[in-house]
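To be precise, the following lines are final-v4.cif, and they hold mmCIF, C-alpha atoms and all ligand atoms.
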```cif
data_entry
loop_
_atom_site.group_PDB
_atom_site.id
_atom_site.type_symbol
_atom_site.label_atom_id
_atom_site.label_comp_id
_atom_site.auth_asym_id
_atom_site.auth_seq_id
_atom_site.Cartn_x
_atom_site.Cartn_y
_atom_site.Cartn_z
ATOM 1 C CA MET T 512 -5.824 -13.060 16.584
ATOM 2 C CA ARG T 513 -3.282 -10.278 16.219
ATOM 3 C CA LEU T 514 -5.591 -7.385 15.311
ATOM 4 C CA LYS T 515 -8.567 -8.183 17.504
ATOM 5 C CA ASP T 516 -11.181 -5.398 17.383
ATOM 6 C CA LYS T 517 -8.876 -2.957 15.609
ATOM 7 C CA ILE T 518 -10.358 -0.816 12.852
ATOM 8 C CA ALA T 519 -8.285 -0.500 9.698
ATOM 9 C CA LEU T 520 -8.651 1.690 6.641
ATOM 10 C CA ILE T 521 -6.944 0.256 3.555
ATOM 11 C CA THR T 522 -6.766 2.379 0.426
ATOM 12 C CA GLY T 523 -7.162 0.594 -2.903
ATOM 13 C CA SER T 524 -8.424 -2.590 -1.293
ATOM 14 C CA SER T 525 -10.913 -3.921 -3.846
ATOM 15 C CA GLN T 526 -8.187 -5.924 -5.588
ATOM 16 C CA GLY T 527 -4.535 -6.949 -5.579
ATOM 17 C CA ILE T 528 -2.341 -6.450 -2.534
ATOM 18 C CA GLY T 529 -4.880 -4.207 -0.763
ATOM 19 C CA ARG T 530 -7.563 -6.870 -1.081
ATOM 20 C CA GLY T 531 -5.181 -9.524 0.271
ATOM 21 C CA ILE T 532 -4.458 -7.296 3.266
ATOM 22 C CA ALA T 533 -8.164 -6.599 3.853
ATOM 23 C CA GLU T 534 -8.955 -10.316 3.970
ATOM 24 C CA ARG T 535 -5.993 -11.132 6.215
ATOM 25 C CA PHE T 536 -6.747 -8.278 8.610
ATOM 26 C CA ALA T 537 -10.346 -9.506 8.940
ATOM 27 C CA ALA T 538 -9.084 -13.033 9.649
ATOM 28 C CA GLU T 539 -6.921 -11.485 12.392
ATOM 29 C CA GLY T 540 -9.968 -9.835 13.992
ATOM 30 C CA ALA T 541 -10.036 -6.345 12.450
ATOM 31 C CA ASP T 542 -12.953 -4.424 10.956
ATOM 32 C CA VAL T 543 -12.016 -3.017 7.570
ATOM 33 C CA VAL T 544 -12.794 0.077 5.524
ATOM 34 C CA ILE T 545 -12.469 -1.016 1.902
ATOM 35 C CA ASN T 546 -11.660 1.817 -0.474
ATOM 36 C CA TYR T 547 -11.792 1.649 -4.250
ATOM 37 C CA SER T 548 -11.751 4.140 -7.063
ATOM 38 C CA GLY T 549 -13.232 2.369 -10.104
ATOM 39 C CA ASN T 550 -14.428 -1.193 -9.660
ATOM 40 C CA ALA T 551 -17.524 -1.337 -7.450
ATOM 41 C CA GLU T 552 -18.120 -5.026 -8.092
ATOM 42 C CA ARG T 553 -14.692 -6.082 -6.853
ATOM 43 C CA ALA T 554 -15.120 -3.872 -3.796
ATOM 44 C CA GLN T 555 -18.355 -5.715 -2.985
ATOM 45 C CA GLU T 556 -16.493 -9.032 -3.290
ATOM 46 C CA ALA T 557 -13.884 -7.746 -0.842
ATOM 47 C CA LEU T 558 -16.679 -6.710 1.516
ATOM 48 C CA ARG T 559 -18.235 -10.186 1.351
ATOM 49 C CA ALA T 560 -14.858 -11.738 2.147
ATOM 50 C CA VAL T 561 -14.411 -9.490 5.211
ATOM 51 C CA GLU T 562 -17.920 -10.286 6.407
ATOM 52 C CA ALA T 563 -17.389 -14.008 5.823
ATOM 53 C CA ALA T 564 -14.522 -13.754 8.327
ATOM 54 C CA GLY T 565 -17.067 -12.482 10.860
ATOM 55 C CA ARG T 566 -15.963 -8.836 10.827
ATOM 56 C CA ARG T 567 -17.602 -5.562 9.847
ATOM 57 C CA GLY T 568 -16.657 -3.980 6.545
ATOM 58 C CA LEU T 569 -17.501 -0.721 4.816
ATOM 59 C CA VAL T 570 -17.007 0.091 1.142
ATOM 60 C CA VAL T 571 -16.137 3.693 0.268
ATOM 61 C CA GLN T 572 -15.586 4.896 -3.288
ATOM 62 C CA ALA T 573 -12.983 7.672 -3.322
ATOM 63 C CA ASP T 574 -10.030 8.703 -5.470
ATOM 64 C CA VAL T 575 -7.131 9.185 -3.054
ATOM 65 C CA GLY T 576 -5.294 11.186 -5.706
ATOM 66 C CA HIS T 577 -7.298 14.248 -4.598
ATOM 67 C CA THR T 578 -7.669 15.697 -1.124
ATOM 68 C CA ASP T 579 -11.454 15.966 -1.465
ATOM 69 C CA GLY T 580 -11.572 12.204 -2.116
ATOM 70 C CA ILE T 581 -9.406 11.591 0.953
ATOM 71 C CA ARG T 582 -11.571 13.802 3.158
ATOM 72 C CA LYS T 583 -14.710 12.021 1.963
ATOM 73 C CA LEU T 584 -13.083 8.639 2.646
ATOM 74 C CA PHE T 585 -12.166 9.477 6.244
ATOM 75 C CA ALA T 586 -15.440 11.269 6.985
ATOM 76 C CA THR T 587 -17.482 8.264 5.776
ATOM 77 C CA ALA T 588 -15.271 5.788 7.636
ATOM 78 C CA LEU T 589 -15.494 7.728 10.889
ATOM 79 C CA GLU T 590 -19.252 8.207 10.574
ATOM 80 C CA THR T 591 -19.657 4.439 10.510
ATOM 81 C CA PHE T 592 -16.917 3.191 12.814
ATOM 82 C CA GLY T 593 -16.270 6.210 15.077
ATOM 83 C CA GLN T 594 -12.542 5.573 15.173
ATOM 84 C CA LEU T 595 -9.600 4.157 13.243
ATOM 85 C CA ASP T 596 -6.508 2.380 14.572
ATOM 86 C CA ILE T 597 -4.600 1.396 11.438
ATOM 87 C CA LEU T 598 -4.036 3.059 8.078
ATOM 88 C CA VAL T 599 -2.659 1.078 5.152
ATOM 89 C CA ASN T 600 -1.687 3.360 2.266
ATOM 90 C CA ASN T 601 -1.884 0.781 -0.482
ATOM 91 C CA ALA T 602 -3.527 2.440 -3.510
ATOM 92 C CA GLY T 603 -1.031 2.713 -6.336
ATOM 93 C CA VAL T 604 -0.867 3.119 -10.094
ATOM 94 C CA GLU T 605 1.888 2.845 -12.668
ATOM 95 C CA ARG T 606 2.249 3.959 -16.277
ATOM 96 C CA HIS T 607 4.695 2.396 -18.708
ATOM 97 C CA ALA T 608 6.398 4.825 -21.100
ATOM 98 C CA PRO T 609 9.870 5.901 -22.118
ATOM 99 C CA PHE T 610 10.824 9.070 -20.247
ATOM 100 C CA TRP T 611 10.480 11.303 -23.331
ATOM 101 C CA ASP T 612 6.904 10.154 -23.965
ATOM 102 C CA VAL T 613 5.486 10.620 -20.450
ATOM 103 C CA THR T 614 2.534 13.020 -20.507
ATOM 104 C CA GLU T 615 1.786 15.538 -17.807
ATOM 105 C CA SER T 616 -1.511 13.825 -17.052
ATOM 106 C CA ASP T 617 0.163 10.412 -16.561
ATOM 107 C CA PHE T 618 2.838 11.997 -14.374
ATOM 108 C CA ASP T 619 0.164 13.733 -12.282
ATOM 109 C CA LYS T 620 -1.917 10.568 -11.957
ATOM 110 C CA VAL T 621 1.041 8.519 -10.684
ATOM 111 C CA LEU T 622 2.354 11.157 -8.292
ATOM 112 C CA ASN T 623 -1.107 12.120 -7.046
ATOM 113 C CA VAL T 624 -2.175 8.601 -6.126
ATOM 114 C CA ASN T 625 1.184 7.167 -5.030
ATOM 115 C CA LEU T 626 2.694 10.106 -3.150
ATOM 116 C CA LYS T 627 0.269 12.968 -2.576
ATOM 117 C CA GLY T 628 -2.424 10.440 -1.617
ATOM 118 C CA VAL T 629 -0.133 8.828 0.970
ATOM 119 C CA PHE T 630 0.810 12.238 2.346
ATOM 120 C CA PHE T 631 -2.725 13.523 2.821
ATOM 121 C CA ALA T 632 -4.339 10.238 3.896
ATOM 122 C CA THR T 633 -1.647 10.003 6.563
ATOM 123 C CA GLN T 634 -2.345 13.595 7.542
ATOM 124 C CA GLU T 635 -6.096 12.879 7.954
ATOM 125 C CA PHE T 636 -5.297 9.780 10.003
ATOM 126 C CA VAL T 637 -2.841 11.621 12.266
ATOM 127 C CA LYS T 638 -5.321 14.483 12.806
ATOM 128 C CA HIS T 639 -7.925 11.901 13.839
ATOM 129 C CA LEU T 640 -5.484 10.266 16.287
ATOM 130 C CA LEU T 641 -4.528 13.653 17.765
ATOM 131 C CA HIS T 642 -8.172 14.601 18.087
ATOM 132 C CA THR T 643 -9.066 11.341 19.859
ATOM 133 C CA LYS T 644 -5.764 11.285 21.834
ATOM 134 C CA ARG T 645 -4.787 7.807 20.670
ATOM 135 C CA THR T 646 -1.819 6.118 19.049
ATOM 136 C CA GLY T 647 -1.948 4.238 15.751
ATOM 137 C CA LYS T 648 -0.055 2.410 13.077
ATOM 138 C CA ILE T 649 0.610 3.377 9.466
ATOM 139 C CA VAL T 650 1.772 0.863 6.875
ATOM 140 C CA ASN T 651 2.685 2.097 3.391
ATOM 141 C CA ILE T 652 2.790 -0.250 0.452
ATOM 142 C CA SER T 653 5.771 1.126 -1.378
ATOM 143 C CA SER T 654 7.812 -0.974 -3.840
ATOM 144 C CA VAL T 655 11.287 -2.351 -4.402
ATOM 145 C CA HIS T 656 11.379 0.636 -6.767
ATOM 146 C CA GLU T 657 11.682 3.020 -3.841
ATOM 147 C CA GLU T 658 15.313 1.878 -4.138
ATOM 148 C CA LEU T 659 15.793 0.082 -7.461
ATOM 149 C CA PRO T 660 15.668 1.746 -10.880
ATOM 150 C CA PHE T 661 12.844 0.600 -13.190
ATOM 151 C CA PRO T 662 13.459 1.969 -16.705
ATOM 152 C CA ASN T 663 10.330 3.338 -18.399
ATOM 153 C CA PHE T 664 8.679 3.887 -15.008
ATOM 154 C CA THR T 665 10.485 7.015 -13.851
ATOM 155 C CA ALA T 666 7.412 8.756 -12.437
ATOM 156 C CA TYR T 667 6.522 5.569 -10.524
ATOM 157 C CA CYS T 668 10.075 5.312 -9.098
ATOM 158 C CA ALA T 669 10.033 8.994 -8.144
ATOM 159 C CA SER T 670 6.731 8.488 -6.316
ATOM 160 C CA LYS T 671 8.015 5.450 -4.402
ATOM 161 C CA GLY T 672 11.328 7.153 -3.597
ATOM 162 C CA GLY T 673 9.193 9.967 -2.192
ATOM 163 C CA VAL T 674 7.255 7.499 -0.045
ATOM 164 C CA LYS T 675 10.549 6.168 1.329
ATOM 165 C CA MET T 676 11.596 9.625 2.541
ATOM 166 C CA LEU T 677 8.091 10.499 3.728
ATOM 167 C CA THR T 678 8.193 7.419 5.942
ATOM 168 C CA ARG T 679 11.626 8.158 7.362
ATOM 169 C CA ASN T 680 10.686 11.766 8.039
ATOM 170 C CA LEU T 681 7.355 10.972 9.645
ATOM 171 C CA SER T 682 8.857 8.248 11.836
ATOM 172 C CA VAL T 683 10.800 11.072 13.503
ATOM 173 C CA GLU T 684 7.912 13.523 13.593
ATOM 174 C CA LEU T 685 5.236 11.070 14.712
ATOM 175 C CA GLY T 686 7.321 8.909 17.051
ATOM 176 C CA PRO T 687 6.799 11.185 20.063
ATOM 177 C CA LEU T 688 3.046 10.793 19.524
ATOM 178 C CA GLY T 689 3.305 6.996 19.705
ATOM 179 C CA ILE T 690 2.433 6.642 16.030
ATOM 180 C CA THR T 691 4.556 4.256 13.959
ATOM 181 C CA ILE T 692 5.005 4.310 10.195
ATOM 182 C CA ASN T 693 6.725 1.696 8.044
ATOM 183 C CA ASN T 694 6.969 0.685 4.414
ATOM 184 C CA ILE T 695 6.560 -2.660 2.761
ATOM 185 C CA ALA T 696 8.465 -2.902 -0.520
ATOM 186 C CA PRO T 697 6.861 -5.661 -2.595
ATOM 187 C CA GLY T 698 8.708 -7.045 -5.599
ATOM 188 C CA ALA T 699 6.879 -8.850 -8.375
ATOM 189 C CA ILE T 700 3.549 -9.832 -6.880
ATOM 190 C CA GLU T 701 0.856 -11.496 -8.980
ATOM 191 C CA THR T 702 -1.801 -8.759 -9.119
ATOM 192 C CA PRO T 703 -3.729 -6.713 -11.694
ATOM 193 C CA ILE T 704 -1.051 -3.951 -11.686
ATOM 194 C CA ASN T 705 1.246 -6.197 -13.714
ATOM 195 C CA THR T 706 -1.248 -8.004 -15.967
ATOM 196 C CA THR T 707 0.735 -7.024 -19.077
ATOM 197 C CA LEU T 708 3.888 -8.616 -17.709
ATOM 198 C CA LEU T 709 2.060 -11.729 -16.531
ATOM 199 C CA ASN T 710 0.704 -12.252 -20.042
ATOM 200 C CA ASP T 711 4.100 -11.934 -21.714
ATOM 201 C CA PRO T 712 5.948 -15.266 -21.255
ATOM 202 C CA VAL T 713 9.307 -13.886 -22.431
ATOM 203 C CA LYS T 714 9.302 -10.957 -19.997
ATOM 204 C CA LEU T 715 7.867 -13.104 -17.233
ATOM 205 C CA ASN T 716 10.590 -15.744 -17.555
ATOM 206 C CA ALA T 717 13.301 -13.093 -17.643
ATOM 207 C CA LEU T 718 11.902 -11.659 -14.411
ATOM 208 C CA LEU T 719 11.593 -15.065 -12.735
ATOM 209 C CA GLY T 720 15.246 -15.658 -13.610
ATOM 210 C CA GLN T 721 16.115 -12.679 -11.407
ATOM 211 C CA ILE T 722 14.154 -13.810 -8.372
ATOM 212 C CA PRO T 723 16.247 -16.062 -6.099
ATOM 213 C CA LEU T 724 13.117 -17.712 -4.652
ATOM 214 C CA LYS T 725 12.062 -18.543 -8.238
ATOM 215 C CA ARG T 726 8.426 -17.568 -8.059
ATOM 216 C CA LEU T 727 6.212 -14.499 -8.147
ATOM 217 C CA GLY T 728 4.959 -13.255 -4.820
ATOM 218 C CA GLN T 729 1.335 -13.698 -3.790
ATOM 219 C CA THR T 730 -0.759 -11.075 -2.034
ATOM 220 C CA GLY T 731 -0.657 -13.225 1.118
ATOM 221 C CA ASP T 732 3.142 -12.873 1.207
ATOM 222 C CA VAL T 733 2.675 -9.116 1.601
ATOM 223 C CA ALA T 734 -0.364 -9.358 3.897
ATOM 224 C CA SER T 735 1.515 -11.364 6.523
ATOM 225 C CA VAL T 736 4.128 -8.620 6.882
ATOM 226 C CA ALA T 737 1.377 -5.979 6.961
ATOM 227 C CA VAL T 738 -0.297 -7.823 9.866
ATOM 228 C CA PHE T 739 2.995 -7.803 11.768
ATOM 229 C CA LEU T 740 3.581 -4.076 11.185
ATOM 230 C CA ALA T 741 -0.007 -3.202 12.153
ATOM 231 C CA SER T 742 0.075 -5.324 15.311
ATOM 232 C CA ASN T 743 1.493 -4.759 18.783
ATOM 233 C CA ASP T 744 4.337 -7.119 17.862
ATOM 234 C CA ALA T 745 5.799 -4.176 15.920
ATOM 235 C CA ASP T 746 5.367 -1.542 18.662
ATOM 236 C CA TYR T 747 9.079 -0.650 18.591
ATOM 237 C CA VAL T 748 9.398 -0.674 14.800
ATOM 238 C CA THR T 749 9.199 2.594 12.885
ATOM 239 C CA GLY T 750 10.811 4.291 9.879
ATOM 240 C CA SER T 751 11.814 1.014 8.226
ATOM 241 C CA THR T 752 11.223 -0.639 4.889
ATOM 242 C CA TYR T 753 10.493 -4.375 4.744
ATOM 243 C CA TYR T 754 11.291 -6.034 1.428
ATOM 244 C CA VAL T 755 8.890 -8.760 0.291
ATOM 245 C CA ASP T 756 10.522 -9.595 -3.011
ATOM 246 C CA GLY T 757 11.827 -13.166 -3.021
ATOM 247 C CA GLY T 758 15.373 -11.761 -2.987
ATOM 248 C CA LEU T 759 14.949 -9.690 -6.172
ATOM 249 C CA THR T 760 16.466 -6.463 -4.872
ATOM 250 C CA TRP T 761 19.894 -7.724 -3.924
ATOM 251 C CA ASN T 762 20.247 -10.338 -6.625
ATOM 252 C CA TYR T 763 23.276 -10.055 -8.825
ATOM 253 C CA GLU T 764 24.558 -12.923 -10.918
ATOM 254 C CA GLU T 765 27.544 -12.865 -13.158
ATOM 255 C CA GLN T 766 26.859 -14.820 -16.301
HETATM 256 C C1 LIG T 801 5.634 -2.955 -9.869
HETATM 257 C C2 LIG T 801 5.495 -4.175 -10.761
HETATM 258 C C3 LIG T 801 6.854 -4.809 -10.991
HETATM 259 C C4 LIG T 801 7.527 -5.078 -9.651
HETATM 260 C C5 LIG T 801 8.924 -5.664 -9.801
HETATM 261 C C6 LIG T 801 6.339 -3.332 -8.604
HETATM 262 O O1 LIG T 801 6.495 -2.200 -7.826
HETATM 263 O O2 LIG T 801 4.352 -2.441 -9.563
HETATM 264 O O3 LIG T 801 4.947 -3.769 -11.995
HETATM 265 O O4 LIG T 801 6.703 -6.038 -11.672
HETATM 266 O O5 LIG T 801 7.605 -3.881 -8.906
HETATM 267 O O6 LIG T 801 9.703 -4.935 -10.683
#
```
Can you dump the structure from the file as structure tokens?
Amino acid sequence: MRLKDKIALITGSSQGIGRGIAERFAAEGADVVINYSGNAERAQEALRAVEAAGRRGLVVQADVGHTDGIRKLFATALETFGQLDILVNNAGVERHAPFWDVTESDFDKVLNVNLKGVFFATQEFVKHLLHTKRTGKIVNISSVHEELPFPNFTAYCASKGGVKMLTRNLSVELGPLGITINNIAPGAIETPINTTLLNDPVKLNALLGQIPLKRLGQTGDVASVAVFLASNDADYVTGSTYYVDGGLTWNYEEQ
């Protein structure tokens, strides 16, 4: 077990990649704080899965797009578990629209959850580590779009590009405290965030054609890298991005 008796808080872990990480962390011996914003039923399913692995779980409803939600999340987690060792900033949203149609409220939603949420959840976590004089590990679920353009998703790309620089910057600032921070950049993973794409055979096949490994990723593909980055095996790793994309990012084929 690579995370034996660690306590992990995973934002947006009722479904998708966050849920996959919650289940894998529990299987590796961690207790898990499951955070969700809208779907209480799915969060309960995630809790049952963590408990079935023999670990403690806690469900906390909170919107990480606002600092009051983040404060509530950490306060509730710490009331129950007393301490945290790992933070996975996973919660993320995207909105599809041509640049000229993007509304201010969609822009704010995307940036608040994907970038501001990562910033302030990390700040709460670091304050807790400073207060308890301990080290810890931060894993951000970014995207291949921290690097790659994604037309019609400019706010999303801007948020993920921001997470890339946040991670590099904080690796320098937090390194002396023994706190590591890394990004995982998933490509096309089969999760609810891309339901529209999954239900459109033409778009799906075009995408598969661009993935050298010729399949969509599964949440477990991301969770295994998250376990590594959250474990002592990655003690000397900080400020890096790990691509989990089946080769998508660097694929170029001349027709
Ligand atoms: C997005 C997905 C997209 C994938 C590959 C992810 O960051 O959330 O919607 O399919 O990147 O482009």
Which residues fall under the PyMOL selection byres (((not hetatm)) within 9 of (chain T and resi 801)) in this file, as a short mmCIF file (atom, residue, chain, number, x, y, z; two decimals) with C-alpha atoms, in the coordinates of the input?
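As written to disk, part-v2.cif reads:
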```
data_model
loop_
_atom_site.label_atom_id
_atom_site.label_comp_id
_atom_site.auth_asym_id
_atom_site.auth_seq_id
_atom_site.Cartn_x
_atom_site.Cartn_y
_atom_site.Cartn_z
CA GLY T 603 -1.03 2.71 -6.34
CA VAL T 604 -0.87 3.12 -10.09
CA GLU T 605 1.89 2.84 -12.67
CA SER T 653 5.77 1.13 -1.38
CA SER T 654 7.81 -0.97 -3.84
CA VAL T 655 11.29 -2.35 -4.40
CA HIS T 656 11.38 0.64 -6.77
CA GLU T 657 11.68 3.02 -3.84
CA LEU T 659 15.79 0.08 -7.46
CA PRO T 660 15.67 1.75 -10.88
CA PHE T 661 12.84 0.60 -13.19
CA TYR T 667 6.52 5.57 -10.52
CA CYS T 668 10.07 5.31 -9.10
CA LYS T 671 8.02 5.45 -4.40
CA ALA T 696 8.46 -2.90 -0.52
CA PRO T 697 6.86 -5.66 -2.60
CA GLY T 698 8.71 -7.04 -5.60
CA ALA T 699 6.88 -8.85 -8.38
CA ILE T 700 3.55 -9.83 -6.88
CA GLU T 701 0.86 -11.50 -8.98
CA THR T 702 -1.80 -8.76 -9.12
CA ILE T 704 -1.05 -3.95 -11.69
CA ASN T 705 1.25 -6.20 -13.71
CA THR T 706 -1.25 -8.00 -15.97
CA THR T 707 0.74 -7.02 -19.08
CA LEU T 708 3.89 -8.62 -17.71
CA LEU T 709 2.06 -11.73 -16.53
CA LEU T 718 11.90 -11.66 -14.41
CA ASP T 756 10.52 -9.60 -3.01
CA LEU T 759 14.95 -9.69 -6.17
#
```
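Distances to T:Lys638 were evaluated for T:Gln594, T:Asn651, T:Arg566, T:Val599 using all atoms listed in the file, and the minimum falls at T:Gln594.
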**Prompt:** Hey, what's within 9 Å of stretch 742-744 of chain T if we count all atoms listed in the file and toss same-chain stuff fewer than 3 positions away? As number ranges by chain, please?
**Reply:** T: 513-514, 648, 737-739, 747-748
Leaving out T:Tyr763 and any residue of its chain fewer than 5 positions from it, which residues lie within 10 Å of it when counting only C-alpha atoms, given as a compact mmCIF listing (two decimals) with C-alpha atoms, keeping the file's coordinate frame?
```
# COMPACT_ATOMS: atom_id res chain seq x y z
CA GLN T 721 16.11 -12.68 -11.41
CA ILE T 722 14.15 -13.81 -8.37
CA PRO T 723 16.25 -16.06 -6.10
CA GLY T 758 15.37 -11.76 -2.99
```
Sorted by chain and rising residue number, list the residues of stretch 612-633 of chain T at most 8 Å from stretch 571-582 of chain T (counting all atoms listed in the file), each with its closest atom pair and distance in Å to one decimal, as JSON lines.
```
{"residue": "T:Lys620", "atom": "CA", "partner": "T:Gly576", "partner_atom": "CA", "distance": 7.1}
{"residue": "T:Asn623", "atom": "CA", "partner": "T:Gly576", "partner_atom": "CA", "distance": 4.5}
{"residue": "T:Val624", "atom": "CA", "partner": "T:Gly576", "partner_atom": "CA", "distance": 4.1}
{"residue": "T:Asn625", "atom": "CA", "partner": "T:Gly576", "partner_atom": "CA", "distance": 7.7}
{"residue": "T:Lys627", "atom": "CA", "partner": "T:Gly576", "partner_atom": "CA", "distance": 6.6}
{"residue": "T:Gly628", "atom": "CA", "partner": "T:Gly576", "partner_atom": "CA", "distance": 5.1}
{"residue": "T:Phe631", "atom": "CA", "partner": "T:Thr578", "partner_atom": "CA", "distance": 6.7}
{"residue": "T:Ala632", "atom": "CA", "partner": "T:Ile581", "partner_atom": "CA", "distance": 6.0}
```
**Item:** Residues within 12 Å of T:Gly540, all atoms listed in the file, excluding chain neighbours under 5 positions, as number ranges by chain
**Value:** T: 512-519, 533-535, 561-568, 738, 742
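The two atoms in question, atom CA of T:Ser735 and atom CA of T:Glu764, are spaced 28.9 Å apart.
Shortest separation to T:Ala741 among T:Asn762, T:Asn600, T:Gln729, T:Ser616 occurs at residue T:Asn600, atoms counted being only C-alpha atoms.
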Coordinates of box centre and edge lengths for stretch 724-734 of chain T, 5 Å on every side, axis-aligned, as JSON:
```
{"center_x": 6.2, "center_y": -13.8, "center_z": -2.2, "size_x": 23.9, "size_y": 19.4, "size_z": 22.1}
```
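Every protein or nucleic acid residue with an atom no more than 8 Å from T:Ser670, counting all atoms listed in the file and leaving out same-chain residues fewer than 4 positions away, appears here: Val621, Leu622, Asn625, Leu626, Glu657, Ala666 and Val674 of chain T.
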Keeping C-alpha atoms for every residue in the selection just given, could you write it to a file as a PDB file, in the coordinates of the input?
```
ATOM      1  CA  VAL T 621       1.041   8.519 -10.684  1.00  0.00           C
ATOM      2  CA  LEU T 622       2.354  11.157  -8.292  1.00  0.00           C
ATOM      3  CA  ASN T 625       1.184   7.167  -5.030  1.00  0.00           C
ATOM      4  CA  LEU T 626       2.694  10.106  -3.150  1.00  0.00           C
ATOM      5  CA  GLU T 657      11.682   3.020  -3.841  1.00  0.00           C
ATOM      6  CA  ALA T 666       7.412   8.756 -12.437  1.00  0.00           C
ATOM      7  CA  VAL T 674       7.255   7.499  -0.045  1.00  0.00           C
TER       8      VAL T 674
END
```
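Among the candidate residues T:Arg645, T:Lys725, T:Arg553, T:Lys714, the one lying nearest to T:Ile690 is T:Arg645, with distances computed using only C-alpha atoms.
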**Message:** So that I can check the surroundings of T:Gly531, please list as a list in words every protein, DNA and RNA residue that reaches within 8 Å of it, counting only C-alpha atoms and ignoring chain neighbours fewer than 2 positions away.
**Reply:** Ser524, Gln526, Gly527, Ile528, Gly529, Ala533, Glu534, Arg535, Thr730, Gly731, Val733 and Ala734 of chain T
Which polymer residues, protein or nucleic acid, are no farther than 7 Å from (7.2, -5.3, 2.8), counting all atoms listed in the file, as a PDB file with C-alpha atoms, in the coordinates of the input?
```
ATOM      1  CA  ASN T 694       6.969   0.685   4.414  1.00  0.00           C
ATOM      2  CA  ILE T 695       6.560  -2.660   2.761  1.00  0.00           C
ATOM      3  CA  ALA T 696       8.465  -2.902  -0.520  1.00  0.00           C
ATOM      4  CA  PRO T 697       6.861  -5.661  -2.595  1.00  0.00           C
ATOM      5  CA  VAL T 733       2.675  -9.116   1.601  1.00  0.00           C
ATOM      6  CA  VAL T 736       4.128  -8.620   6.882  1.00  0.00           C
ATOM      7  CA  THR T 752      11.223  -0.639   4.889  1.00  0.00           C
ATOM      8  CA  TYR T 753      10.493  -4.375   4.744  1.00  0.00           C
ATOM      9  CA  TYR T 754      11.291  -6.034   1.428  1.00  0.00           C
ATOM     10  CA  VAL T 755       8.890  -8.760   0.291  1.00  0.00           C
TER      11      VAL T 755
END
```
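In this model, the gap between atom CA of T:Glu635 and atom CA of T:Ala588 comes to 11.6 Å.
Only residues having an atom at most 12 Å from (8.4, 10.4, 15.4) are included; using all atoms listed in the file, these are Val637, Thr646, Lys648, Leu677, Thr678, Arg679, Asn680, Leu681, Ser682, Val683, Glu684, Leu685, Gly686, Pro687, Leu688, Gly689, Ile690, Thr691, Ile692, Asn693, Tyr747, Val748, Thr749 and Gly750 of chain T.
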